[in-house]
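Engineer: The following file, upload-v5.cif, comprises mmCIF, C-alpha atoms:
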```cif
data_my_file
#
loop_
_atom_site.label_atom_id
_atom_site.label_comp_id
_atom_site.auth_asym_id
_atom_site.auth_seq_id
_atom_site.Cartn_x
_atom_site.Cartn_y
_atom_site.Cartn_z
CA MET A 18 2.03 2.39 -19.98
CA LYS A 19 1.61 1.66 -16.27
CA LYS A 20 -1.34 3.44 -14.67
CA ILE A 21 -0.78 4.41 -11.03
CA LEU A 22 -3.31 6.06 -8.73
CA ILE A 23 -1.98 8.15 -5.82
CA THR A 24 -4.33 9.54 -3.19
CA THR A 25 -3.58 12.94 -1.72
CA ASP A 26 -4.89 15.28 0.95
CA PHE A 27 -2.03 17.73 0.20
CA SER A 28 -0.28 16.92 3.49
CA ASP A 29 3.46 16.26 3.87
CA ASN A 30 2.57 12.60 4.26
CA ALA A 31 0.74 12.57 0.91
CA TRP A 32 3.55 14.44 -0.84
CA ASN A 33 5.99 11.86 0.49
CA ALA A 34 3.91 9.12 -1.15
CA VAL A 35 4.00 11.04 -4.44
CA PHE A 36 7.79 11.50 -4.35
CA THR A 37 8.28 7.86 -3.38
CA ALA A 38 6.18 6.73 -6.34
CA LEU A 39 8.10 8.95 -8.75
CA LYS A 40 11.43 7.55 -7.53
CA ILE A 41 10.34 3.90 -7.52
CA TYR A 42 9.11 4.07 -11.11
CA ALA A 43 11.60 6.63 -12.44
CA GLU A 44 12.60 4.33 -15.32
CA VAL A 45 9.07 3.12 -16.13
CA ASN A 46 6.57 4.76 -18.50
CA CYS A 47 3.77 5.78 -16.13
CA HIS A 48 0.54 7.72 -16.15
CA PHE A 49 -0.04 8.98 -12.59
CA TYR A 50 -3.55 9.88 -11.45
CA LEU A 51 -3.58 12.15 -8.38
CA LEU A 52 -6.88 11.81 -6.53
CA HIS A 53 -8.32 14.10 -3.87
CA ALA A 54 -11.61 12.92 -2.40
CA TYR A 55 -13.57 15.33 -0.23
CA GLU A 56 -16.64 15.19 1.95
CA PRO A 57 -17.85 17.32 4.89
CA THR A 58 -16.57 16.31 8.31
CA PRO A 59 -19.05 15.80 11.16
CA LEU A 60 -17.94 19.20 12.48
CA ASN A 61 -18.80 20.82 9.13
CA LEU A 62 -22.27 19.29 9.26
CA MET A 63 -23.10 20.40 12.79
CA GLY A 64 -25.74 23.04 12.61
CA SER A 65 -26.53 22.36 8.95
CA LYS A 66 -30.22 23.19 8.69
CA SER A 67 -30.83 22.80 5.00
CA GLN A 68 -29.70 21.26 1.74
CA GLN A 69 -28.65 24.75 0.71
CA ARG A 70 -26.16 24.90 3.59
CA LEU A 71 -24.81 21.48 2.62
CA GLY A 72 -24.46 22.68 -0.97
CA VAL A 73 -22.38 25.66 0.18
CA ILE A 74 -20.06 23.34 2.13
CA TYR A 75 -19.55 21.04 -0.87
CA ASP A 76 -18.97 24.02 -3.16
CA SER A 77 -16.28 25.34 -0.82
CA LEU A 78 -14.61 21.92 -0.58
CA SER A 79 -14.78 21.51 -4.36
CA LYS A 80 -13.05 24.83 -4.98
CA TYR A 81 -10.34 24.03 -2.43
CA SER A 82 -9.77 20.60 -3.98
CA ALA A 83 -9.52 21.97 -7.53
CA GLN A 84 -7.16 24.76 -6.43
CA GLU A 85 -4.80 22.46 -4.52
CA LEU A 86 -4.73 19.88 -7.31
CA ASN A 87 -3.95 22.61 -9.83
CA GLU A 88 -1.06 23.81 -7.66
CA THR A 89 0.16 20.22 -7.29
CA ASN A 90 0.09 19.73 -11.06
CA THR A 91 1.91 23.02 -11.63
CA TYR A 92 4.62 22.06 -9.15
CA LEU A 93 5.18 18.64 -10.73
CA LYS A 94 5.40 20.11 -14.23
CA ALA A 95 7.97 22.63 -13.03
CA HIS A 96 10.11 20.35 -10.88
CA HIS A 97 9.63 16.86 -12.26
CA ASN A 98 10.76 16.71 -15.87
CA ASN A 99 10.85 12.94 -16.36
CA PRO A 100 9.63 12.35 -19.96
CA LYS A 101 8.48 8.86 -18.94
CA HIS A 102 5.85 10.33 -16.61
CA GLN A 103 2.55 12.10 -17.19
CA PHE A 104 -0.07 13.31 -14.71
CA THR A 105 -3.83 13.66 -14.43
CA THR A 106 -5.54 15.20 -11.41
CA VAL A 107 -8.93 13.99 -10.19
CA SER A 108 -11.20 15.73 -7.68
CA LYS A 109 -14.20 13.76 -6.40
CA PRO A 110 -16.87 14.37 -3.75
CA GLY A 111 -17.49 11.47 -1.42
CA ASN A 112 -15.52 9.16 0.85
CA LEU A 113 -12.04 8.03 -0.11
CA GLU A 114 -12.68 4.33 -0.61
CA ASP A 115 -15.63 4.85 -2.99
CA SER A 116 -13.73 7.53 -4.90
CA VAL A 117 -10.71 5.25 -5.25
CA ALA A 118 -12.91 2.40 -6.52
CA SER A 119 -14.51 4.71 -9.09
CA VAL A 120 -11.19 5.99 -10.46
CA ILE A 121 -9.73 2.48 -10.60
CA PHE A 122 -12.69 1.19 -12.60
CA LYS A 123 -12.93 4.17 -14.95
CA ASN A 124 -9.21 4.36 -15.77
CA ASP A 125 -8.18 0.70 -15.56
CA ILE A 126 -5.61 1.46 -12.83
CA ASP A 127 -2.76 -1.03 -12.28
CA LEU A 128 -1.51 0.08 -8.85
CA LEU A 129 -2.62 2.27 -5.93
CA ILE A 130 -0.11 4.15 -3.76
CA MET A 131 -1.10 5.81 -0.46
CA GLY A 132 0.67 7.57 2.37
CA THR A 133 -0.11 6.22 5.82
CA GLN A 134 -0.20 7.95 9.17
CA GLY A 135 0.46 5.57 12.04
CA ALA A 136 -1.69 5.52 15.16
CA THR A 137 -1.62 3.61 18.42
CA GLY A 138 -3.95 2.43 21.15
CA ALA A 139 -7.29 4.16 21.58
CA LYS A 140 -6.42 6.67 18.86
CA GLU A 141 -6.05 3.81 16.38
CA ILE A 142 -9.44 2.36 17.32
CA PHE A 143 -11.20 5.73 17.32
CA LEU A 144 -9.81 7.22 14.13
CA GLY A 145 -9.44 4.11 12.05
CA SER A 146 -7.31 4.56 8.95
CA ASN A 147 -8.05 5.58 5.40
CA THR A 148 -5.52 2.99 4.31
CA VAL A 149 -7.32 0.19 6.16
CA LYS A 150 -10.70 1.32 4.81
CA VAL A 151 -9.34 1.25 1.27
CA LEU A 152 -7.67 -2.13 1.87
CA ASN A 153 -11.01 -3.53 3.01
CA GLN A 154 -12.77 -2.37 -0.17
CA ILE A 155 -10.16 -2.39 -2.95
CA LYS A 156 -9.03 -5.98 -3.36
CA ASN A 157 -8.34 -6.50 -7.06
CA ILE A 158 -5.15 -4.45 -7.53
CA PRO A 159 -1.90 -4.14 -5.55
CA ILE A 160 -1.58 -1.30 -3.04
CA ILE A 161 1.66 0.24 -1.79
CA ALA A 162 1.37 1.98 1.60
CA VAL A 163 4.18 4.47 2.29
CA PRO A 164 4.77 5.25 5.98
CA THR A 165 5.13 8.79 7.30
CA GLY A 166 8.64 10.17 6.98
CA TYR A 167 9.95 7.32 4.85
CA ASN A 168 12.79 8.47 2.57
CA PHE A 169 13.09 6.19 -0.45
CA GLN A 170 16.58 5.93 -1.91
CA SER A 171 16.78 2.46 -3.44
CA LEU A 172 15.19 -0.96 -3.26
CA LYS A 173 17.57 -3.79 -2.38
CA SER A 174 15.23 -6.47 -1.08
CA ILE A 175 11.55 -7.36 -0.99
CA LEU A 176 10.30 -9.23 2.07
CA PHE A 177 7.32 -11.49 1.45
CA ALA A 178 5.75 -12.50 4.78
CA THR A 179 3.76 -15.72 4.72
CA ASP A 180 3.04 -18.84 6.75
CA PHE A 181 2.45 -20.94 3.61
CA SER A 182 -1.15 -21.61 4.67
CA ASP A 183 -2.63 -20.01 1.55
CA SER A 184 -2.28 -21.15 -2.03
CA TYR A 185 -0.50 -18.79 -4.42
CA LYS A 186 -2.54 -18.19 -7.55
CA LYS A 187 -0.94 -17.55 -10.89
CA ASN A 188 0.24 -13.94 -11.40
CA LEU A 189 -0.06 -13.21 -7.64
CA PHE A 190 3.62 -12.29 -7.45
CA ASP A 191 3.66 -10.08 -10.56
CA PRO A 192 3.98 -6.84 -8.49
CA ILE A 193 6.95 -8.31 -6.57
CA ILE A 194 8.55 -9.61 -9.75
CA GLU A 195 8.16 -6.21 -11.44
CA LEU A 196 9.85 -4.36 -8.55
CA SER A 197 12.58 -6.98 -8.36
CA LYS A 198 13.33 -6.53 -12.07
CA ILE A 199 13.27 -2.70 -11.91
CA TRP A 200 15.68 -2.53 -8.97
CA ASN A 201 17.46 -5.87 -9.27
CA ALA A 202 16.20 -6.55 -5.75
CA SER A 203 16.42 -9.86 -3.95
CA ILE A 204 13.31 -11.57 -2.55
CA GLU A 205 13.20 -12.83 1.05
CA VAL A 206 10.34 -15.15 2.02
CA VAL A 207 9.75 -14.48 5.73
CA HIS A 208 7.97 -17.07 7.89
CA VAL A 209 7.03 -16.10 11.47
CA ALA A 210 6.40 -19.02 13.81
CA VAL A 211 7.32 -20.71 17.10
CA ASP A 212 7.61 -24.11 15.45
CA PHE A 213 8.74 -24.02 11.82
CA TYR A 214 7.41 -27.50 11.03
CA LEU A 215 5.27 -27.38 7.88
CA ASN A 216 2.33 -29.71 7.31
CA ASP A 217 1.65 -31.31 3.94
CA HIS A 218 -0.49 -28.41 2.71
CA GLN A 219 2.13 -25.83 3.71
CA ASP A 220 4.87 -27.86 2.05
CA ALA A 221 2.84 -28.05 -1.15
CA HIS A 222 2.19 -24.29 -1.09
CA LYS A 223 5.88 -23.61 -0.50
CA GLU A 224 6.77 -25.63 -3.60
CA VAL A 225 4.23 -23.65 -5.64
CA LEU A 226 5.77 -20.43 -4.33
CA LYS A 227 9.23 -21.59 -5.43
CA GLU A 228 7.85 -22.34 -8.88
CA ARG A 229 6.10 -18.96 -9.14
CA LEU A 230 9.35 -17.16 -8.27
CA SER A 231 11.77 -19.44 -10.10
CA GLY A 232 14.59 -17.60 -11.78
CA PHE A 233 14.82 -14.93 -9.08
CA ASP A 234 17.21 -14.45 -6.18
CA ILE A 235 15.10 -15.96 -3.37
CA GLU A 236 16.04 -16.61 0.25
CA PHE A 237 13.84 -18.22 2.93
CA LYS A 238 13.98 -16.79 6.45
CA ASN A 239 12.45 -18.24 9.63
CA ILE A 240 11.59 -15.46 12.11
CA PRO A 241 10.93 -16.35 15.78
CA PHE A 242 7.51 -15.30 17.07
CA GLU A 243 7.80 -12.21 19.33
CA ILE A 244 4.63 -11.01 21.11
CA ASN A 245 2.67 -10.98 17.83
CA THR A 246 3.26 -11.56 14.13
CA SER A 247 3.36 -7.92 13.08
CA LYS A 248 5.85 -7.10 15.87
CA SER A 249 8.06 -10.00 14.81
CA ILE A 250 8.10 -8.79 11.21
CA ASP A 251 8.72 -5.21 12.34
CA LEU A 252 11.72 -6.25 14.44
CA TYR A 253 13.18 -8.15 11.51
CA ALA A 254 12.57 -5.32 9.04
CA LYS A 255 13.74 -2.42 11.24
CA ASP A 256 17.31 -2.53 9.93
CA LYS A 257 16.25 -2.99 6.32
CA GLU A 258 15.75 0.60 5.21
CA SER A 259 16.13 -0.34 1.54
CA SER A 260 13.42 -2.98 1.66
CA PHE A 261 9.70 -3.32 0.97
CA LEU A 262 7.43 -5.63 2.91
CA SER A 263 4.84 -7.58 0.96
CA ILE A 264 1.87 -9.51 2.34
CA LEU A 265 -1.34 -11.09 1.13
CA ARG A 266 -4.34 -8.82 1.61
CA HIS A 267 -6.54 -11.56 3.05
CA GLN A 268 -3.86 -13.29 5.08
CA HIS A 269 -5.27 -14.94 8.22
CA THR A 270 -2.35 -16.51 9.99
CA PHE A 271 -2.44 -19.14 12.70
CA TRP A 272 -1.76 -16.44 15.28
CA GLU A 273 -4.59 -14.27 14.07
CA LYS A 274 -6.96 -17.19 14.45
CA VAL A 275 -5.65 -18.09 17.91
CA ILE A 276 -5.20 -14.68 19.57
CA GLY A 277 -7.28 -12.44 17.34
CA GLU A 278 -4.32 -10.43 16.03
CA ALA A 279 -5.36 -8.31 13.03
CA VAL A 280 -2.09 -8.81 11.18
CA VAL A 281 -2.88 -6.81 8.04
CA LYS A 282 -4.28 -3.84 9.98
CA LYS A 283 -1.36 -3.72 12.42
CA ILE A 284 1.18 -3.88 9.61
CA ALA A 285 -0.65 -1.11 7.72
CA PHE A 286 -0.44 1.10 10.82
CA HIS A 287 3.01 0.33 12.16
CA SER A 288 5.43 -0.71 9.42
CA LYS A 289 8.44 1.58 9.10
CA ILE A 290 9.04 0.52 5.49
CA PRO A 291 6.60 0.59 2.55
CA VAL A 292 4.14 -2.30 2.44
CA LEU A 293 3.00 -3.88 -0.81
CA PHE A 294 -0.41 -5.46 -0.27
CA LEU A 295 -0.95 -8.10 -2.95
CA PRO A 296 -4.42 -8.43 -4.52
CA GLN A 297 -6.77 -11.27 -3.69
#
```
Go ahead and render the structure in this file as structure tokens.
Structural biologist:
Amino acid sequence: MKKILITTDFSDNAWNAVFTALKIYAEVNCHFYLLHAYEPTPLNLMGSKSQQRLGVIYDSLSKYSAQELNETNTYLKAHHNNPKHQFTTVSKPGNLEDSVASVIFKNDIDLLIMGTQGATGAKEIFLGSNTVKVLNQIKNIPIIAVPTGYNFQSLKSILFATDFSDSYKKNLFDPIIELSKIWNASIEVVHVAVDFYLNDHQDAHKEVLKERLSGFDIEFKNIPFEINTSKSIDLYAKDKESSFLSILRHQHTFWEKVIGEAVVKKIAFHSKIPVLFLPQ
């Protein structure tokens, strides 16, 4: 049985991630773990004069978390009657990334799914992103990030963005292969560049990629560089509503090295389609 962890803060964005997960894996035997992590905000802590006050805050947050998770579980039991699916709710004090790591380790989780809330400019720098924080810490399992407002209907193609500069270890593409099999989806290997000439190392990596994905419907696409890598991918993917984008978690492209573009972070914030971040 596939074990999937979904983080929630009970927002519309989080619910959308839940519904997306249920639809993606509708035909797969899954055990879903719904995690709510809670900790006092800086505003909560202002004026806290004692450990007793802090204890009251945590107690209040704990009760809220348990209540909302119970209501979530009740709703899913009443409205989601897929016999292939079962649910466990988890409430944990602490920050999200540490809570996620704990649940993954304890329950041998196969996949993490999160809703994302995009941000731009100064807001992006100031607020950061729970998704990015988790991506920075959780590196051993695949993560699917579902953008705000995304309405999953079907999966027709999976876009794998790469510049062939990294080697592709065995089993790296298992998450892509699984989704391709479930939905009979094609796989597009997307390469963003100004000059599409490949050096010997890139050529060798490309051949390994072909071997890893042999037997599947694969197409290679060269995408012209537009402003930055993430923007180029976004422009290509904007008309592909029935697609997922997949990238390596640790990908450091030529453009990131040259102009300091944080490709993974920008894609996590701005993609209009779900992003599958492959494990390192």
Engineer: Place a sphere of radius 12 Å on (14.6, -17.1, -9.8) in the file coordinates and name every protein, DNA or RNA residue with an atom inside or on its surface, counting all atoms listed in the file; give the answer as a PyMOL selection string.
Structural biologist: chain A and resi 194+197-198+201-205+226-236
Engineer: Identify which of the residues A:Phe49, A:Phe261, A:Tyr42, A:Phe242 lies closest to Lys173 (chain A), counting all atoms listed in the file when measuring atom-to-atom distances.
Structural biologist: A:Phe261
Engineer: Could you tell me which of A:Leu295, A:Ala34, A:Leu265, A:Leu176 comes closest to Val163 (chain A) if we count all atoms listed in the file?
Structural biologist: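 Using all atoms listed in the file, the shortest distance to Val163 (chain A) belongs to A:Ala34.
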Engineer: Grab the CA of Thr106 (chain A) to CA of Ile21 (chain A) distance for me, in Å with one decimal place.
Structural biologist: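 Distance between the two atoms: 11.8 Å.
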Engineer: Please list as number ranges by chain every residue within 10 Å of Phe213 (chain A), counting only C-alpha atoms and excluding residues in the same chain fewer than 6 positions away.
Structural biologist: A: 180, 239-241
Engineer: Do you have the CA of Gln103 (chain A)-CA of Thr148 (chain A) distance handy?
Structural biologist: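 Those two atoms sit 24.7 Å apart.
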Engineer: Could you list, as a PyMOL selection string, every residue matched by the PyMOL selection byres ((chain A and resi 117) around 9) in this structure?
Structural biologist: chain A and resi 22+24+52+54+112-116+118-122+129+151+155
Engineer: May I ask for the distance between CA of Val211 (chain A) and CA of Ser288 (chain A), given in Å to one decimal place?
Structural biologist: 21.5 Å
Engineer: Could you write out as a list in words the residues that the PyMOL selection byres ((chain A and resi 162) around 9) matches in the shown file?
Structural biologist: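 Written out, the selection comes to Ala34, Leu129, Ile130, Met131, Gly132, Thr133, Thr148, Ile160, Ile161, Val163, Pro164, Ala285, Ile290, Pro291, Val292, Leu293 and Phe294 of chain A.
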Engineer: So which one's closest to Glu224 (chain A), A:Glu195, A:Ser260, A:Ser82, A:Ser184? Using all atoms listed in the file, please.
Structural biologist: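 Of the candidates, the smallest distance to Glu224 (chain A) is held by A:Ser184.
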Engineer: Have a look at A:Ile41, A:Tyr92, A:Val149, A:Gln219 and name the one nearest to Leu172 (chain A); count only C-alpha atoms.
Structural biologist: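 The shortest atom-to-atom distance to Leu172 (chain A) comes from A:Ile41.
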